[in-house]
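Visitor: Below: one structure in structure tokens.
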Amino acid sequence: MSGISLLPVAVSTGSSENSVCYSGPVRTDGPDGLEFRMLTLNCWGLKYVSKLREQRMRFIANELGTSDADIIALQECWVATDYEYLRQRTHKRYPYAKYFYSGILAGSGLVILSRFPIESISMAPYTINGRPSAFFRGDWYVGKGIASAIIRHPSGIAIEVFNTHMHAPYGPGDASYVCHRTSQAWQLARQIRAAVERGHLAIAVGDFNSRPDSLTYALLTKRAGLQDSWTTVHGTSTEHVLPASLSPEKQITTLGVTCDSLLNTWRADRNISDAKRLDYCFHAPHLSTVDSVDVTFIDKVPGLNVSASDHFGVSVTLRILPTARSELASGREQAEEGARPPNLPLANYESILDVIASYLPTARAQQYYRLLHFWISIVLVVGLHVGIFWVKSGWPGFLVVLGSTVIAVTGVIDGMLGFLFGRNELRALKEFEEEVRWEMRRMEELLNGTYEDVGSVGKPR
């Protein structure tokens with residue numbers, strides 16, 4: 001399976017060594033040619049687990065082949081044959097495509113399709129992303145992360161698209177993985193701010209597995225400086241509306257619900273109050289605005305009478321602001337915008353530190369008990385090997401050897417998890433905590449007027 005598709009081209013669109021060319025037709029809707037359409041969808045394409053996967057993925061591919069979106073971001077496209085069929089159906093309309101590889105099993109499941117040239121790509125795995133011991137959940141093994149692509153709009157502006165699928169919640173308490181998603185949002189926000197400093201129009205899309213009232217959402221809208229496309233169009237007046245007070249249809253049109261809707265056949269057994277919005281398209285409000293935003297892929301698959309995925313998609317029509325075009329197309333970076341401090345309230349920093357503090361005991365306990373199991377298993381294996389001299393041959397001897405083998409294997413596995421993964425996770429949490437405290441101190445100094453910008457030292461006033 002080829003991970004990237006770049007068709008033969010004739011006209012160069014950039015001087016970077018990573019740039020590509022584009023010879024296909026370009027649609028520039030609107031009188032100024034500054035409009036473009038984004039679409040994001042979690043495909044629910046896990047092999048052996050997702051029901052009717054092949055039929056649904058073919059339906060999705062066929063629909064995308066005639067889509068009016070300019071850039072498409074997919075999540076949970078985990079099977080090679082599904083991606084190959086997707087490219088067969090979409091390569092004419094979307095000559096540029098990237099399947100992002102990551103993790104041990106299946107891959108990240110992230111795909112970006114584009115009608116505009118993709119100039120460069122990157123994949124940044126999340127530093128905190130589940131635990132290998134939770135093999136039945138799989139988040140750690142697929143290597144979730146941030147897939148990014150710098151895409152050259154026909155106006156000349158560089159759009160940097162960040163496609164992600166954050167760690168899923170599996171229940172209350174430790175199973176909610178709030179600390180993991182908060183860390184992932186912090187990492188994504190840092191990359192978005194760097195993109196803005198480079199003079200790119202940043203767009204973050206995907207399945208964030210987080211509601212609008214979460215720390216994840218706050219980090220993207222305040223620390224990264226992006227705006228939720230849904231609230232750009234619909235405002236924030238519906239933020240406190242309870243899903244249970246609306247019909248399933250109104251939940252979609254009023255709240256933008258994309259997950260656990262009763263209209264989704266794969267979630268029809270859920271309570272009406274479970275409906276939520278987890279899929280987003282965030283944009284940079286100082287460089288773009290939103291003309292329209294809609295929940296899509298609501299219709300059922302013909303002949304199967306099932307939903308295309310367990311999530312609905314989000315379709316957004318964005319418009320680049322004329323001021324962004326004049327500044328960015330001429331090659332000048334938004335230095336002042338990029339240098340601005342995060343607009344994250346101090347209370348949010350405290351909340352992040354509380355989340356880290358609440359998870360640290362779990363991380364330490366995971367490491368401690370796995371290492372304890374390792375050392376105990378050594379004692380048991382030695383004891384069983386000595387004791388076999390007093391055991392009769394035949395089945396008793398076989399059971400002692402079998403027990404010794406099982407104890408040795410599980411002990412070594414837990415020892416590796418404790419020594420390697422346990423230490424790595426604790427160090428990643430420590431680094432996360434120090435980054436938060438560092439930025440928090442800087443924000444406090446700015447608010448108190450005691451922060452000194454080293455870049456301004458020696459400059460005339």
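By convention in this document, the chains of the structure tokens carry letters A, B, ... by their order, each chain's residues are numbered from 1, and ligands are numbered from 1 in the order they are shown.
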As JSON, numbers by chain, please: the residues near Asp310 in chain A (cut-off 9 Å, only C-alpha atoms, same-chain neighbours under 4 positions excluded).

Guide: {"A": [42, 43, 44, 258, 259, 260, 264, 265, 266, 267]}

Visitor: If you run DSSP on this backbone, which residues of range 8-184 of chain A come out as alpha helix (DSSP H), and could you give them as an NGL selection string?

Guide: :A and (53-64 or 80-90 or 139-142 or 178-184)

Visitor: Which residues are close to Ala408 in chain A, i.e. within 10 Å by only C-alpha atoms, leaving aside same-chain residues fewer than 2 positions away? Reply as a PyMOL selection string.

Guide: chain A and resi 374+376-382+402-406+410-414

Visitor: Hey, what does DSSP flag as strand (DSSP E or B) within range 141-269 of chain A? Can you give it to me as a list in words?

Guide: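 Residues of range 141-269 of chain A classed as strand (DSSP E or B): Gly145, Ile146, Ala147, Ser148, Ala149, Ile150, Ile151, Arg152, Ala158, Ile159, Glu160, Val161, Phe162, Asn163, Thr164, His165, Leu201, Ala202, Ile203, Ala204, Val205, Gly206, Asp207, Gln227, Asp228 and Cys259 of chain A.
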
Visitor: With N, CA and C atoms kept, could you save the residues just selected as a PDB file, in the first residue's frame?

Guide:
ATOM      1  N   GLY A 145      -1.711  10.075  17.150  1.00  0.00           N
ATOM      2  CA  GLY A 145      -0.866  11.257  17.106  1.00  0.00           C
ATOM      3  C   GLY A 145      -1.471  12.351  16.257  1.00  0.00           C
ATOM      4  N   ILE A 146      -0.601  13.235  15.776  1.00  0.00           N
ATOM      5  CA  ILE A 146      -1.022  14.404  15.004  1.00  0.00           C
ATOM      6  C   ILE A 146      -0.480  14.270  13.590  1.00  0.00           C
ATOM      7  N   ALA A 147      -1.378  14.103  12.636  1.00  0.00           N
ATOM      8  CA  ALA A 147      -0.997  14.080  11.232  1.00  0.00           C
ATOM      9  C   ALA A 147      -1.164  15.491  10.680  1.00  0.00           C
ATOM     10  N   SER A 148      -0.108  16.021  10.103  1.00  0.00           N
ATOM     11  CA  SER A 148      -0.205  17.386   9.575  1.00  0.00           C
ATOM     12  C   SER A 148       0.236  17.430   8.126  1.00  0.00           C
ATOM     13  N   ALA A 149      -0.375  18.344   7.390  1.00  0.00           N
ATOM     14  CA  ALA A 149      -0.046  18.542   5.986  1.00  0.00           C
ATOM     15  C   ALA A 149      -0.122  20.025   5.672  1.00  0.00           C
ATOM     16  N   ILE A 150       0.916  20.534   5.026  1.00  0.00           N
ATOM     17  CA  ILE A 150       0.904  21.916   4.552  1.00  0.00           C
ATOM     18  C   ILE A 150       0.387  21.896   3.123  1.00  0.00           C
ATOM     19  N   ILE A 151      -0.749  22.531   2.920  1.00  0.00           N
ATOM     20  CA  ILE A 151      -1.462  22.484   1.645  1.00  0.00           C
ATOM     21  C   ILE A 151      -1.495  23.893   1.048  1.00  0.00           C
ATOM     22  N   ARG A 152      -1.116  24.013  -0.202  1.00  0.00           N
ATOM     23  CA  ARG A 152      -1.066  25.317  -0.860  1.00  0.00           C
ATOM     24  C   ARG A 152      -2.407  25.637  -1.517  1.00  0.00           C
ATOM     25  N   ALA A 158      -0.624  29.209   2.515  1.00  0.00           N
ATOM     26  CA  ALA A 158      -0.332  27.868   3.020  1.00  0.00           C
ATOM     27  C   ALA A 158      -1.307  27.529   4.145  1.00  0.00           C
ATOM     28  N   ILE A 159      -2.087  26.474   3.940  1.00  0.00           N
ATOM     29  CA  ILE A 159      -3.016  25.969   4.953  1.00  0.00           C
ATOM     30  C   ILE A 159      -2.354  24.767   5.616  1.00  0.00           C
ATOM     31  N   GLU A 160      -2.162  24.835   6.917  1.00  0.00           N
ATOM     32  CA  GLU A 160      -1.589  23.695   7.632  1.00  0.00           C
ATOM     33  C   GLU A 160      -2.713  22.964   8.361  1.00  0.00           C
ATOM     34  N   VAL A 161      -3.019  21.783   7.876  1.00  0.00           N
ATOM     35  CA  VAL A 161      -4.117  20.977   8.416  1.00  0.00           C
ATOM     36  C   VAL A 161      -3.567  19.991   9.430  1.00  0.00           C
ATOM     37  N   PHE A 162      -4.170  19.973  10.603  1.00  0.00           N
ATOM     38  CA  PHE A 162      -3.819  19.017  11.651  1.00  0.00           C
ATOM     39  C   PHE A 162      -4.992  18.065  11.829  1.00  0.00           C
ATOM     40  N   ASN A 163      -4.759  16.805  11.527  1.00  0.00           N
ATOM     41  CA  ASN A 163      -5.785  15.777  11.646  1.00  0.00           C
ATOM     42  C   ASN A 163      -5.419  14.873  12.812  1.00  0.00           C
ATOM     43  N   THR A 164      -6.354  14.650  13.737  1.00  0.00           N
ATOM     44  CA  THR A 164      -6.019  13.857  14.918  1.00  0.00           C
ATOM     45  C   THR A 164      -7.201  13.016  15.381  1.00  0.00           C
ATOM     46  N   HIS A 165      -6.867  11.987  16.142  1.00  0.00           N
ATOM     47  CA  HIS A 165      -7.862  11.146  16.809  1.00  0.00           C
ATOM     48  C   HIS A 165      -7.332  10.888  18.212  1.00  0.00           C
ATOM     49  N   LEU A 201      -2.054  29.262   7.775  1.00  0.00           N
ATOM     50  CA  LEU A 201      -3.436  29.252   8.243  1.00  0.00           C
ATOM     51  C   LEU A 201      -3.694  27.881   8.860  1.00  0.00           C
ATOM     52  N   ALA A 202      -3.856  27.830  10.167  1.00  0.00           N
ATOM     53  CA  ALA A 202      -3.970  26.553  10.878  1.00  0.00           C
ATOM     54  C   ALA A 202      -5.420  26.088  10.950  1.00  0.00           C
ATOM     55  N   ILE A 203      -5.623  24.806  10.658  1.00  0.00           N
ATOM     56  CA  ILE A 203      -6.924  24.151  10.770  1.00  0.00           C
ATOM     57  C   ILE A 203      -6.712  22.846  11.532  1.00  0.00           C
ATOM     58  N   ALA A 204      -7.463  22.635  12.600  1.00  0.00           N
ATOM     59  CA  ALA A 204      -7.373  21.386  13.371  1.00  0.00           C
ATOM     60  C   ALA A 204      -8.704  20.655  13.281  1.00  0.00           C
ATOM     61  N   VAL A 205      -8.667  19.417  12.790  1.00  0.00           N
ATOM     62  CA  VAL A 205      -9.893  18.644  12.602  1.00  0.00           C
ATOM     63  C   VAL A 205      -9.711  17.237  13.157  1.00  0.00           C
ATOM     64  N   GLY A 206     -10.834  16.570  13.360  1.00  0.00           N
ATOM     65  CA  GLY A 206     -10.764  15.174  13.767  1.00  0.00           C
ATOM     66  C   GLY A 206     -11.738  14.818  14.872  1.00  0.00           C
ATOM     67  N   ASP A 207     -11.496  13.634  15.420  1.00  0.00           N
ATOM     68  CA  ASP A 207     -12.279  13.121  16.548  1.00  0.00           C
ATOM     69  C   ASP A 207     -11.465  13.385  17.814  1.00  0.00           C
ATOM     70  N   GLN A 227     -10.698  28.733  16.845  1.00  0.00           N
ATOM     71  CA  GLN A 227     -12.118  28.895  17.142  1.00  0.00           C
ATOM     72  C   GLN A 227     -12.884  27.714  16.566  1.00  0.00           C
ATOM     73  N   ASP A 228     -13.848  27.246  17.314  1.00  0.00           N
ATOM     74  CA  ASP A 228     -14.696  26.144  16.893  1.00  0.00           C
ATOM     75  C   ASP A 228     -15.612  26.632  15.759  1.00  0.00           C
ATOM     76  N   CYS A 259     -21.924  12.182  17.859  1.00  0.00           N
ATOM     77  CA  CYS A 259     -21.698  10.852  18.446  1.00  0.00           C
ATOM     78  C   CYS A 259     -22.823  10.496  19.408  1.00  0.00           C
TER      79      CYS A 259
END

Visitor: CA of Ile157 in chain A and CA of Phe100 in chain A, how far apart in Å?

Guide: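 So the two atoms, CA of Phe100 in chain A and CA of Ile157 in chain A, lie 23.7 Å apart.
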
Visitor: For Asn343 in chain A, which residue among A:Thr221, A:Ser133, A:Ser114, A:Asn305 is the nearest when counting only C-alpha atoms?

Guide: A:Thr221

Visitor: Considering only C-alpha atoms, give me a table of residues in range 111-140 of chain A that are at most 12 Å from range 169-173 of chain A, with the closest atom pair and distance in Å for each, as CSV.

Guide:
residue,atom,partner,partner_atom,distance
A:Asn129,CA,A:Pro169,CA,11.7
A:Gly130,CA,A:Pro169,CA,10.4
A:Ala134,CA,A:Tyr170,CA,11.0
A:Phe136,CA,A:Tyr170,CA,11.1
A:Arg137,CA,A:Tyr170,CA,8.5
A:Gly138,CA,A:Tyr170,CA,11.6
A:Asp139,CA,A:Pro169,CA,10.4

Visitor: Just to be explicit: take each residue in the selection above, keep N, CA, C and O atoms, and write the result as a PDB file, in the first residue's frame.

Guide:
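Final output, part_13.pdb:
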ATOM      1  N   ASN A 129      -0.161   8.373  25.610  1.00  0.00           N
ATOM      2  CA  ASN A 129      -1.249   7.822  24.801  1.00  0.00           C
ATOM      3  C   ASN A 129      -1.605   6.414  25.252  1.00  0.00           C
ATOM      4  O   ASN A 129      -1.280   5.432  24.605  1.00  0.00           O
ATOM      5  N   GLY A 130      -2.259   6.326  26.396  1.00  0.00           N
ATOM      6  CA  GLY A 130      -2.698   5.024  26.868  1.00  0.00           C
ATOM      7  C   GLY A 130      -1.570   4.191  27.428  1.00  0.00           C
ATOM      8  O   GLY A 130      -0.449   4.663  27.619  1.00  0.00           O
ATOM      9  N   ALA A 134      -3.206  -2.124  28.471  1.00  0.00           N
ATOM     10  CA  ALA A 134      -4.618  -2.069  28.065  1.00  0.00           C
ATOM     11  C   ALA A 134      -4.722  -2.487  26.599  1.00  0.00           C
ATOM     12  O   ALA A 134      -5.232  -1.745  25.754  1.00  0.00           O
ATOM     13  N   PHE A 136      -6.610  -4.524  25.213  1.00  0.00           N
ATOM     14  CA  PHE A 136      -7.985  -4.699  24.756  1.00  0.00           C
ATOM     15  C   PHE A 136      -8.601  -3.371  24.317  1.00  0.00           C
ATOM     16  O   PHE A 136      -9.704  -3.346  23.784  1.00  0.00           O
ATOM     17  N   ARG A 137      -7.901  -2.256  24.575  1.00  0.00           N
ATOM     18  CA  ARG A 137      -8.384  -0.949  24.118  1.00  0.00           C
ATOM     19  C   ARG A 137      -7.659  -0.495  22.863  1.00  0.00           C
ATOM     20  O   ARG A 137      -8.251   0.125  22.000  1.00  0.00           O
ATOM     21  N   GLY A 138      -6.382  -0.752  22.782  1.00  0.00           N
ATOM     22  CA  GLY A 138      -5.669  -0.573  21.527  1.00  0.00           C
ATOM     23  C   GLY A 138      -5.105   0.796  21.234  1.00  0.00           C
ATOM     24  O   GLY A 138      -4.342   0.948  20.284  1.00  0.00           O
ATOM     25  N   ASP A 139      -5.444   1.814  22.027  1.00  0.00           N
ATOM     26  CA  ASP A 139      -4.991   3.169  21.700  1.00  0.00           C
ATOM     27  C   ASP A 139      -3.470   3.271  21.636  1.00  0.00           C
ATOM     28  O   ASP A 139      -2.919   3.938  20.765  1.00  0.00           O
TER      29      ASP A 139
END

Visitor: May I ask for the distance between CA of Leu429 in chain A and CA of Ala189 in chain A, given in Å to one decimal place?

Guide: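 If I compute the distance from CA of Leu429 in chain A to CA of Ala189 in chain A, I get 16.8 Å.
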
Visitor: Neighbouring residues of range 436-445 of chain A were defined as those with any atom within 10 Å, considering only C-alpha atoms; residues of the same chain fewer than 2 positions away were excluded. Please report them as a VMD selection string.

Guide: chain A and resid 183 186 341 to 350 352 to 353 430 to 434 447 to 452

Visitor: CA of Thr289 in chain A and CA of Leu226 in chain A, how far apart in Å?

Guide: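 Separation of CA of Leu226 in chain A and CA of Thr289 in chain A: 11.0 Å.
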
Visitor: Using only C-alpha atoms, which of A:Asn62, A:Val306, A:Phe312, A:Arg53 sits nearest Thr81 in chain A?

Guide: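 Among the listed residues, the smallest separation from Thr81 in chain A belongs to A:Arg53.
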